[in-house]
>>> print(open('coords12.cif').read())   # mmCIF, C-alpha atoms
data_final
loop_
_atom_site.label_atom_id
_atom_site.label_comp_id
_atom_site.auth_asym_id
_atom_site.auth_seq_id
_atom_site.Cartn_x
_atom_site.Cartn_y
_atom_site.Cartn_z
CA GLN S 22 -13.75 -41.03 -71.60
CA GLN S 23 -17.32 -40.09 -72.24
CA GLN S 24 -18.34 -41.51 -75.58
CA VAL S 25 -21.64 -39.64 -75.94
CA LYS S 26 -21.87 -35.99 -74.94
CA GLN S 27 -25.30 -34.39 -74.63
CA SER S 28 -26.28 -30.74 -74.36
CA PRO S 29 -27.87 -28.75 -72.90
CA GLN S 30 -28.37 -30.18 -69.40
CA SER S 31 -31.67 -28.33 -69.10
CA LEU S 32 -33.94 -26.53 -71.49
CA ILE S 33 -36.97 -24.30 -70.99
CA VAL S 34 -39.23 -23.70 -73.97
CA GLN S 35 -42.54 -21.94 -74.39
CA LYS S 36 -45.54 -23.93 -75.53
CA GLY S 37 -45.54 -24.11 -79.31
CA GLY S 38 -41.81 -23.53 -79.58
CA ILE S 39 -39.09 -25.80 -80.92
CA SER S 40 -36.95 -27.82 -78.52
CA ILE S 41 -33.51 -28.86 -79.74
CA ILE S 42 -31.21 -31.27 -77.93
CA ASN S 43 -27.79 -32.15 -79.27
CA CYS S 44 -25.49 -35.14 -78.94
CA ALA S 45 -21.99 -35.87 -80.14
CA TYR S 46 -20.29 -39.24 -80.22
CA GLU S 47 -16.71 -40.42 -80.58
CA ASN S 48 -16.83 -44.07 -81.55
CA THR S 49 -17.32 -44.40 -85.32
CA ALA S 50 -18.40 -48.02 -84.82
CA PHE S 51 -21.73 -46.86 -83.37
CA ASP S 52 -24.50 -47.65 -85.83
CA TYR S 53 -27.74 -47.15 -83.94
CA PHE S 54 -28.77 -43.88 -82.31
CA PRO S 55 -31.95 -43.87 -80.20
CA TRP S 56 -33.54 -41.15 -78.13
CA TYR S 57 -35.32 -42.06 -74.92
CA GLN S 58 -37.95 -40.08 -73.01
CA GLN S 59 -38.24 -40.43 -69.26
CA PHE S 60 -41.00 -39.08 -67.03
CA PRO S 61 -40.45 -38.70 -63.27
CA GLY S 62 -40.67 -42.02 -61.46
CA LYS S 63 -40.67 -44.03 -64.67
CA GLY S 64 -38.12 -45.90 -66.70
CA PRO S 65 -36.83 -44.51 -70.00
CA ALA S 66 -38.89 -45.37 -73.07
CA LEU S 67 -37.78 -45.33 -76.69
CA LEU S 68 -39.00 -42.21 -78.46
CA ILE S 69 -37.35 -42.34 -81.88
CA ALA S 70 -34.18 -43.82 -83.37
CA ILE S 71 -32.02 -43.47 -86.46
CA ARG S 72 -29.35 -45.43 -88.30
CA PRO S 73 -26.33 -43.70 -89.88
CA ASP S 74 -27.40 -44.41 -93.45
CA VAL S 75 -30.03 -41.64 -93.29
CA SER S 76 -29.67 -37.98 -92.36
CA GLU S 77 -33.11 -37.39 -90.92
CA LYS S 78 -36.02 -39.30 -89.46
CA LYS S 79 -39.35 -37.80 -88.53
CA GLU S 80 -42.14 -39.23 -86.41
CA GLY S 81 -44.94 -36.81 -85.75
CA ARG S 82 -43.55 -33.76 -83.95
CA PHE S 83 -40.21 -35.48 -83.26
CA THR S 84 -37.30 -35.39 -85.71
CA ILE S 85 -33.77 -36.73 -85.48
CA SER S 86 -31.12 -35.01 -87.59
CA PHE S 87 -27.93 -36.99 -88.12
CA ASN S 88 -24.56 -35.70 -89.33
CA LYS S 89 -22.20 -38.64 -89.80
CA SER S 90 -19.15 -36.62 -90.78
CA ALA S 91 -19.46 -34.41 -87.71
CA LYS S 92 -20.41 -37.36 -85.49
CA GLN S 93 -23.40 -35.45 -84.19
CA PHE S 94 -27.12 -36.01 -83.97
CA SER S 95 -29.94 -33.97 -82.55
CA LEU S 96 -33.55 -34.23 -81.48
CA HIS S 97 -36.01 -31.58 -82.58
CA ILE S 98 -39.42 -31.34 -80.94
CA MET S 99 -41.74 -29.16 -82.97
CA ASP S 100 -44.74 -27.40 -81.44
CA SER S 101 -43.53 -28.34 -77.96
CA GLN S 102 -46.30 -29.10 -75.46
CA PRO S 103 -46.34 -29.14 -71.64
CA GLY S 104 -46.83 -32.90 -71.86
CA ASP S 105 -43.40 -33.12 -73.50
CA SER S 106 -41.80 -31.99 -70.23
CA ALA S 107 -39.49 -34.87 -69.36
CA THR S 108 -35.86 -35.91 -69.38
CA TYR S 109 -34.47 -36.91 -72.75
CA PHE S 110 -31.48 -39.18 -73.26
CA CYS S 111 -29.58 -39.80 -76.43
CA ALA S 112 -27.76 -43.08 -76.80
CA ALA S 113 -25.52 -44.95 -79.20
CA SER S 114 -24.88 -48.63 -79.71
CA ILE S 115 -23.25 -51.16 -81.99
CA LYS S 116 -25.46 -53.72 -83.70
CA ARG S 117 -22.95 -56.52 -84.17
CA GLY S 118 -19.85 -57.98 -82.59
CA THR S 119 -18.82 -58.59 -79.01
CA ASN S 120 -20.37 -55.30 -77.82
CA ALA S 121 -23.62 -55.75 -79.73
CA GLY S 122 -26.63 -54.05 -78.23
CA LYS S 123 -24.81 -52.28 -75.41
CA SER S 124 -26.00 -48.70 -75.28
CA THR S 125 -23.90 -45.75 -74.19
CA PHE S 126 -26.07 -42.92 -72.92
CA GLY S 127 -25.69 -39.18 -72.80
CA ASP S 128 -26.16 -37.46 -69.45
CA GLY S 129 -29.71 -36.37 -70.20
CA THR S 130 -31.57 -33.11 -70.83
CA THR S 131 -34.40 -31.96 -68.62
CA LEU S 132 -36.98 -30.25 -70.82
CA THR S 133 -39.60 -27.95 -69.34
CA VAL S 134 -42.31 -26.64 -71.64
CA LYS S 135 -44.08 -23.64 -70.14
CA PRO S 136 -47.76 -23.15 -70.96
CA ASP K 5 -49.24 -58.27 -71.77
CA ALA K 6 -45.54 -58.94 -71.62
CA GLU K 7 -43.65 -56.66 -69.28
CA ILE K 8 -40.53 -56.07 -67.24
CA THR K 9 -40.83 -55.62 -63.49
CA GLN K 10 -38.42 -54.66 -60.76
CA SER K 11 -38.63 -55.22 -57.02
CA PRO K 12 -38.52 -53.68 -54.59
CA ARG K 13 -39.37 -50.24 -55.94
CA HIS K 14 -37.79 -48.58 -52.94
CA LYS K 15 -35.16 -49.93 -50.57
CA ILE K 16 -33.29 -48.43 -47.64
CA THR K 17 -30.34 -50.39 -46.29
CA GLU K 18 -27.26 -49.89 -44.18
CA THR K 19 -23.64 -49.76 -45.21
CA GLY K 20 -22.08 -53.20 -45.42
CA ARG K 21 -25.28 -55.16 -45.93
CA GLN K 22 -25.85 -57.41 -48.92
CA VAL K 23 -28.73 -56.30 -51.11
CA THR K 24 -30.37 -58.01 -54.07
CA LEU K 25 -32.53 -56.19 -56.58
CA ALA K 26 -34.85 -58.30 -58.70
CA CYS K 27 -35.60 -57.93 -62.40
CA HIS K 28 -38.14 -60.12 -64.19
CA GLN K 29 -39.26 -59.94 -67.81
CA THR K 30 -41.93 -61.93 -69.58
CA TRP K 31 -40.89 -61.16 -73.17
CA ASN K 32 -38.50 -64.11 -73.33
CA HIS K 33 -35.70 -61.72 -74.28
CA ASN K 34 -32.21 -63.17 -74.20
CA ASN K 35 -30.51 -59.82 -73.55
CA MET K 36 -30.80 -58.11 -70.18
CA PHE K 37 -29.03 -55.10 -68.73
CA TRP K 38 -28.63 -53.30 -65.41
CA TYR K 39 -28.02 -49.55 -65.27
CA ARG K 40 -27.69 -47.02 -62.51
CA GLN K 41 -28.94 -43.49 -62.92
CA ASP K 42 -27.39 -40.62 -61.02
CA LEU K 43 -27.98 -36.93 -61.44
CA GLY K 44 -25.60 -35.56 -64.04
CA HIS K 45 -24.42 -39.00 -65.16
CA GLY K 46 -27.27 -40.33 -67.21
CA LEU K 47 -27.51 -44.11 -67.33
CA ARG K 48 -24.37 -46.13 -66.72
CA LEU K 49 -24.13 -49.82 -67.50
CA ILE K 50 -23.38 -52.08 -64.52
CA HIS K 51 -23.70 -55.62 -65.88
CA TYR K 52 -25.34 -57.29 -68.83
CA SER K 53 -26.25 -60.76 -70.06
CA TYR K 54 -26.79 -62.15 -73.54
CA GLY K 55 -28.39 -65.37 -72.33
CA VAL K 56 -28.62 -68.00 -69.60
CA GLN K 57 -25.31 -68.50 -67.81
CA ASP K 58 -23.80 -65.52 -69.64
CA THR K 59 -22.84 -62.40 -67.65
CA ASN K 60 -20.55 -59.49 -68.50
CA LYS K 61 -19.21 -56.45 -66.69
CA GLY K 62 -20.22 -52.98 -67.70
CA GLU K 63 -18.46 -49.68 -67.08
CA VAL K 64 -19.34 -49.43 -63.35
CA SER K 65 -19.36 -53.06 -62.19
CA ASP K 66 -17.21 -52.80 -59.04
CA GLY K 67 -19.20 -53.86 -55.98
CA TYR K 68 -21.99 -55.48 -58.02
CA SER K 69 -22.64 -58.99 -59.29
CA VAL K 70 -25.32 -60.71 -61.37
CA SER K 71 -26.29 -64.26 -62.20
CA ARG K 72 -28.49 -65.59 -65.00
CA SER K 73 -30.04 -68.97 -64.25
CA ASN K 74 -33.06 -68.56 -66.53
CA THR K 75 -34.23 -66.33 -69.35
CA GLU K 76 -36.71 -64.29 -67.32
CA ASP K 77 -34.59 -63.07 -64.39
CA LEU K 78 -31.37 -61.12 -63.85
CA PRO K 79 -30.96 -60.27 -60.15
CA LEU K 80 -28.40 -57.62 -59.22
CA THR K 81 -26.51 -58.11 -55.95
CA LEU K 82 -24.60 -55.50 -54.01
CA GLU K 83 -22.16 -57.61 -52.01
CA SER K 84 -21.47 -54.98 -49.33
CA ALA K 85 -23.54 -51.87 -49.85
CA ALA K 86 -21.76 -48.52 -49.80
CA SER K 87 -23.17 -45.00 -49.63
CA SER K 88 -21.78 -44.39 -53.12
CA GLN K 89 -24.23 -47.01 -54.37
CA THR K 90 -27.23 -44.87 -53.44
CA SER K 91 -28.90 -44.48 -56.81
CA VAL K 92 -31.84 -45.40 -58.99
CA TYR K 93 -31.35 -48.76 -60.68
CA PHE K 94 -32.97 -49.72 -63.97
CA CYS K 95 -33.19 -53.10 -65.57
CA ALA K 96 -33.74 -53.42 -69.32
CA SER K 97 -34.21 -56.20 -71.82
CA ARG K 98 -33.87 -56.53 -75.58
CA ALA K 99 -34.78 -59.20 -78.09
CA ASP K 100 -32.15 -60.76 -80.33
CA SER K 101 -31.77 -58.97 -83.67
CA LYS K 102 -33.78 -56.03 -82.35
CA ASP K 103 -32.43 -52.66 -81.29
CA THR K 104 -35.00 -51.44 -78.79
CA GLN K 105 -34.34 -51.83 -75.08
CA TYR K 106 -37.35 -51.98 -72.79
CA PHE K 107 -36.81 -50.56 -69.32
CA GLY K 108 -38.35 -51.51 -66.02
CA PRO K 109 -39.82 -48.90 -63.62
CA GLY K 110 -36.65 -48.67 -61.53
CA THR K 111 -35.61 -49.31 -57.94
CA ARG K 112 -34.60 -46.40 -55.74
CA LEU K 113 -31.90 -47.63 -53.36
CA THR K 114 -30.67 -45.61 -50.41
CA VAL K 115 -27.61 -46.79 -48.49
CA LEU K 116 -27.26 -45.15 -45.07
#
>>> encode(input="coords12.cif", output="structure tokens")
Amino acid sequence: QQQVKQSPQSLIVQKGGISIINCAYENTAFDYFPWYQQFPGKGPALLIAIRPDVSEKKEGRFTISFNKSAKQFSLHIMDSQPGDSATYFCAASIKRGTNAGKSTFGDGTTLTVKP
Amino acid sequence: DAEITQSPRHKITETGRQVTLACHQTWNHNNMFWYRQDLGHGLRLIHYSYGVQDTNKGEVSDGYSVSRSNTEDLPLTLESAASSQTSVYFCASRADSKDTQYFGPGTRLTVL
């Protein structure tokens, strides 16, 4: 049972456009939702994260939108740049209890931004 | 600067051999994790540890083992390598009471 479903698998956007990646989760106990960015040959690195008590978080060109009732969250990249071309993973974890800190990842989205 | 390193970065081995992948972090984090990354499957948790002498199985632990004898290291052992274990392996660590996991650069393992 996949607990975090991510879409699309791949995305091609023109430079300056908006990239949108979506994730849906099943476990209502999740209370931390990070997005990771991974470049080829590198490990994932935290990009931005949100907690369920807010509906949106923005950091520069990157925004997470969170819909608790729908159990969905999404990453928006505004003014997409070729340097944003990477694989993006959403994740979900629980902060406390026996499963604290264990992250469940989506399958990833490969973003290509064309110049 | 504190960091997390993995070795080797690339490894080719034969079916049935025992293989150990090293993970070392200098942040003094209690929490360490091993993931495998396969195309179309994202990152899947193999084993994790919340401190010295503590180890726990993740969702894909069959055929793998870990041991935690100190804070800095969490080696991952493949007892008898199988072709299905060809993958990229990532180690990560996280501080107590913090949410962010820091990932190592990965080890690409090929089992022939």
>>> interface_residues(input="coords12.cif", of="chain S", to="chain K", cutoff="6 Å", atoms="all atoms listed in the file", output="PyMOL selection string")
chain S and resi 63-64+126-129
>>> resolve_selection(input="coords12.cif", expression="the PyMOL selection byres ((chain S and resi 76-82) around 12)", output="number ranges by chain")
S: 37-41, 54-56, 68-75, 83-102, 105
>>> closest_residue(input="coords12.cif", among="K:Glu76, K:Ser97, K:Lys15, K:Ser88", to="His28 (chain K)", atoms="all atoms listed in the file")
K:Glu76
>>> residues_around(input="coords12.cif", residues="Asp66 (chain K)", least_positions_apart="3", cutoff="12 Å", atoms="all atoms listed in the file", output="PDB file with C-alpha atoms, in the coordinates of the input")
ATOM      1  CA  LEU K  49     -24.130 -49.820 -67.500  1.00  0.00           C
ATOM      2  CA  ILE K  50     -23.380 -52.080 -64.520  1.00  0.00           C
ATOM      3  CA  HIS K  51     -23.700 -55.620 -65.880  1.00  0.00           C
ATOM      4  CA  LYS K  61     -19.210 -56.450 -66.690  1.00  0.00           C
ATOM      5  CA  GLY K  62     -20.220 -52.980 -67.700  1.00  0.00           C
ATOM      6  CA  GLU K  63     -18.460 -49.680 -67.080  1.00  0.00           C
ATOM      7  CA  SER K  69     -22.640 -58.990 -59.290  1.00  0.00           C
ATOM      8  CA  VAL K  70     -25.320 -60.710 -61.370  1.00  0.00           C
ATOM      9  CA  THR K  81     -26.510 -58.110 -55.950  1.00  0.00           C
ATOM     10  CA  LEU K  82     -24.600 -55.500 -54.010  1.00  0.00           C
ATOM     11  CA  GLU K  83     -22.160 -57.610 -52.010  1.00  0.00           C
ATOM     12  CA  SER K  84     -21.470 -54.980 -49.330  1.00  0.00           C
ATOM     13  CA  ALA K  85     -23.540 -51.870 -49.850  1.00  0.00           C
ATOM     14  CA  ALA K  86     -21.760 -48.520 -49.800  1.00  0.00           C
ATOM     15  CA  SER K  88     -21.780 -44.390 -53.120  1.00  0.00           C
ATOM     16  CA  GLN K  89     -24.230 -47.010 -54.370  1.00  0.00           C
TER      17      GLN K  89
END
>>> resolve_selection(input="coords12.cif", expression="the PyMOL selection byres ((chain S and resi 57-60) around 6)", output="list of chain:residue names")
S:Trp56, S:Pro61, S:Lys63, S:Pro65, S:Ala66, S:Leu67, S:Leu68, S:Ala107, S:Thr108, S:Tyr109, S:Phe110
>>> residues_around(input="coords12.cif", residues="Ser87 (chain K)", least_positions_apart="5", cutoff="9 Å", atoms="all atoms listed in the file", output="list in words")
Glu18, Thr19, Thr114, Val115 and Leu116 of chain K
>>> residues_around(input="coords12.cif", residues="Gln35 (chain S)", least_positions_apart="6", cutoff="8 Å", atoms="all atoms listed in the file", output="list in words")
Ser101, Val134, Lys135 and Pro136 of chain S
>>> resolve_selection(input="coords12.cif", expression="the PyMOL selection byres ((chain S and resi 48) around 10)", output="PyMOL selection string")
chain S and resi 24-25+45-47+49-52+92+113-115
>>> decode(input="coords12.cif", residues="region 72-97 of chain S", atoms="N, CA and C atoms", output="PDB file, in the first residue's frame")
ATOM      1  N   ARG S  72       4.007  22.099   7.647  1.00  0.00           N
ATOM      2  CA  ARG S  72       3.263  21.356   8.658  1.00  0.00           C
ATOM      3  C   ARG S  72       1.772  21.531   8.383  1.00  0.00           C
ATOM      4  N   PRO S  73       0.931  20.643   8.852  1.00  0.00           N
ATOM      5  CA  PRO S  73      -0.491  20.674   8.474  1.00  0.00           C
ATOM      6  C   PRO S  73      -1.294  21.805   9.100  1.00  0.00           C
ATOM      7  N   ASP S  74      -0.693  22.609   9.948  1.00  0.00           N
ATOM      8  CA  ASP S  74      -1.446  23.703  10.556  1.00  0.00           C
ATOM      9  C   ASP S  74      -1.479  24.955   9.681  1.00  0.00           C
ATOM     10  N   VAL S  75      -0.779  24.915   8.529  1.00  0.00           N
ATOM     11  CA  VAL S  75      -0.825  26.038   7.590  1.00  0.00           C
ATOM     12  C   VAL S  75      -1.203  25.506   6.214  1.00  0.00           C
ATOM     13  N   SER S  76      -1.768  26.366   5.387  1.00  0.00           N
ATOM     14  CA  SER S  76      -2.226  25.929   4.066  1.00  0.00           C
ATOM     15  C   SER S  76      -1.234  26.265   2.962  1.00  0.00           C
ATOM     16  N   GLU S  77      -0.278  27.117   3.263  1.00  0.00           N
ATOM     17  CA  GLU S  77       0.678  27.499   2.234  1.00  0.00           C
ATOM     18  C   GLU S  77       1.972  27.978   2.873  1.00  0.00           C
ATOM     19  N   LYS S  78       3.074  27.645   2.206  1.00  0.00           N
ATOM     20  CA  LYS S  78       4.373  28.144   2.635  1.00  0.00           C
ATOM     21  C   LYS S  78       5.167  28.517   1.400  1.00  0.00           C
ATOM     22  N   LYS S  79       5.765  29.678   1.437  1.00  0.00           N
ATOM     23  CA  LYS S  79       6.496  30.170   0.271  1.00  0.00           C
ATOM     24  C   LYS S  79       7.928  30.487   0.655  1.00  0.00           C
ATOM     25  N   GLU S  80       8.857  30.045  -0.175  1.00  0.00           N
ATOM     26  CA  GLU S  80      10.264  30.383  -0.013  1.00  0.00           C
ATOM     27  C   GLU S  80      10.824  30.705  -1.393  1.00  0.00           C
ATOM     28  N   GLY S  81      10.963  31.991  -1.640  1.00  0.00           N
ATOM     29  CA  GLY S  81      11.447  32.417  -2.946  1.00  0.00           C
ATOM     30  C   GLY S  81      10.480  32.011  -4.044  1.00  0.00           C
ATOM     31  N   ARG S  82      10.975  31.295  -5.039  1.00  0.00           N
ATOM     32  CA  ARG S  82      10.114  30.870  -6.157  1.00  0.00           C
ATOM     33  C   ARG S  82       9.349  29.577  -5.855  1.00  0.00           C
ATOM     34  N   PHE S  83       9.594  28.985  -4.706  1.00  0.00           N
ATOM     35  CA  PHE S  83       9.003  27.692  -4.359  1.00  0.00           C
ATOM     36  C   PHE S  83       7.887  27.872  -3.333  1.00  0.00           C
ATOM     37  N   THR S  84       6.737  27.256  -3.610  1.00  0.00           N
ATOM     38  CA  THR S  84       5.578  27.334  -2.735  1.00  0.00           C
ATOM     39  C   THR S  84       4.988  25.949  -2.541  1.00  0.00           C
ATOM     40  N   ILE S  85       4.678  25.621  -1.288  1.00  0.00           N
ATOM     41  CA  ILE S  85       3.902  24.408  -1.010  1.00  0.00           C
ATOM     42  C   ILE S  85       2.475  24.842  -0.692  1.00  0.00           C
ATOM     43  N   SER S  86       1.520  24.186  -1.346  1.00  0.00           N
ATOM     44  CA  SER S  86       0.106  24.346  -1.004  1.00  0.00           C
ATOM     45  C   SER S  86      -0.362  23.074  -0.343  1.00  0.00           C
ATOM     46  N   PHE S  87      -1.085  23.206   0.762  1.00  0.00           N
ATOM     47  CA  PHE S  87      -1.478  22.039   1.555  1.00  0.00           C
ATOM     48  C   PHE S  87      -2.978  22.045   1.765  1.00  0.00           C
ATOM     49  N   ASN S  88      -3.624  20.921   1.461  1.00  0.00           N
ATOM     50  CA  ASN S  88      -5.068  20.770   1.651  1.00  0.00           C
ATOM     51  C   ASN S  88      -5.290  19.575   2.582  1.00  0.00           C
ATOM     52  N   LYS S  89      -5.490  19.873   3.866  1.00  0.00           N
ATOM     53  CA  LYS S  89      -5.594  18.806   4.862  1.00  0.00           C
ATOM     54  C   LYS S  89      -6.832  17.942   4.649  1.00  0.00           C
ATOM     55  N   SER S  90      -7.946  18.536   4.310  1.00  0.00           N
ATOM     56  CA  SER S  90      -9.175  17.757   4.156  1.00  0.00           C
ATOM     57  C   SER S  90      -9.086  16.798   2.975  1.00  0.00           C
ATOM     58  N   ALA S  91      -8.391  17.210   1.932  1.00  0.00           N
ATOM     59  CA  ALA S  91      -8.235  16.360   0.754  1.00  0.00           C
ATOM     60  C   ALA S  91      -7.026  15.445   0.860  1.00  0.00           C
ATOM     61  N   LYS S  92      -6.225  15.649   1.889  1.00  0.00           N
ATOM     62  CA  LYS S  92      -4.969  14.896   2.077  1.00  0.00           C
ATOM     63  C   LYS S  92      -4.087  15.010   0.839  1.00  0.00           C
ATOM     64  N   GLN S  93      -3.894  16.267   0.422  1.00  0.00           N
ATOM     65  CA  GLN S  93      -3.067  16.522  -0.749  1.00  0.00           C
ATOM     66  C   GLN S  93      -2.160  17.716  -0.488  1.00  0.00           C
ATOM     67  N   PHE S  94      -1.008  17.698  -1.118  1.00  0.00           N
ATOM     68  CA  PHE S  94      -0.131  18.858  -1.077  1.00  0.00           C
ATOM     69  C   PHE S  94       0.636  18.940  -2.385  1.00  0.00           C
ATOM     70  N   SER S  95       1.039  20.132  -2.737  1.00  0.00           N
ATOM     71  CA  SER S  95       1.664  20.318  -4.039  1.00  0.00           C
ATOM     72  C   SER S  95       2.814  21.315  -3.944  1.00  0.00           C
ATOM     73  N   LEU S  96       3.735  21.174  -4.870  1.00  0.00           N
ATOM     74  CA  LEU S  96       4.873  22.074  -5.004  1.00  0.00           C
ATOM     75  C   LEU S  96       4.681  22.895  -6.267  1.00  0.00           C
ATOM     76  N   HIS S  97       4.790  24.209  -6.114  1.00  0.00           N
ATOM     77  CA  HIS S  97       4.716  25.114  -7.247  1.00  0.00           C
ATOM     78  C   HIS S  97       6.072  25.800  -7.388  1.00  0.00           C
TER      79      HIS S  97
END
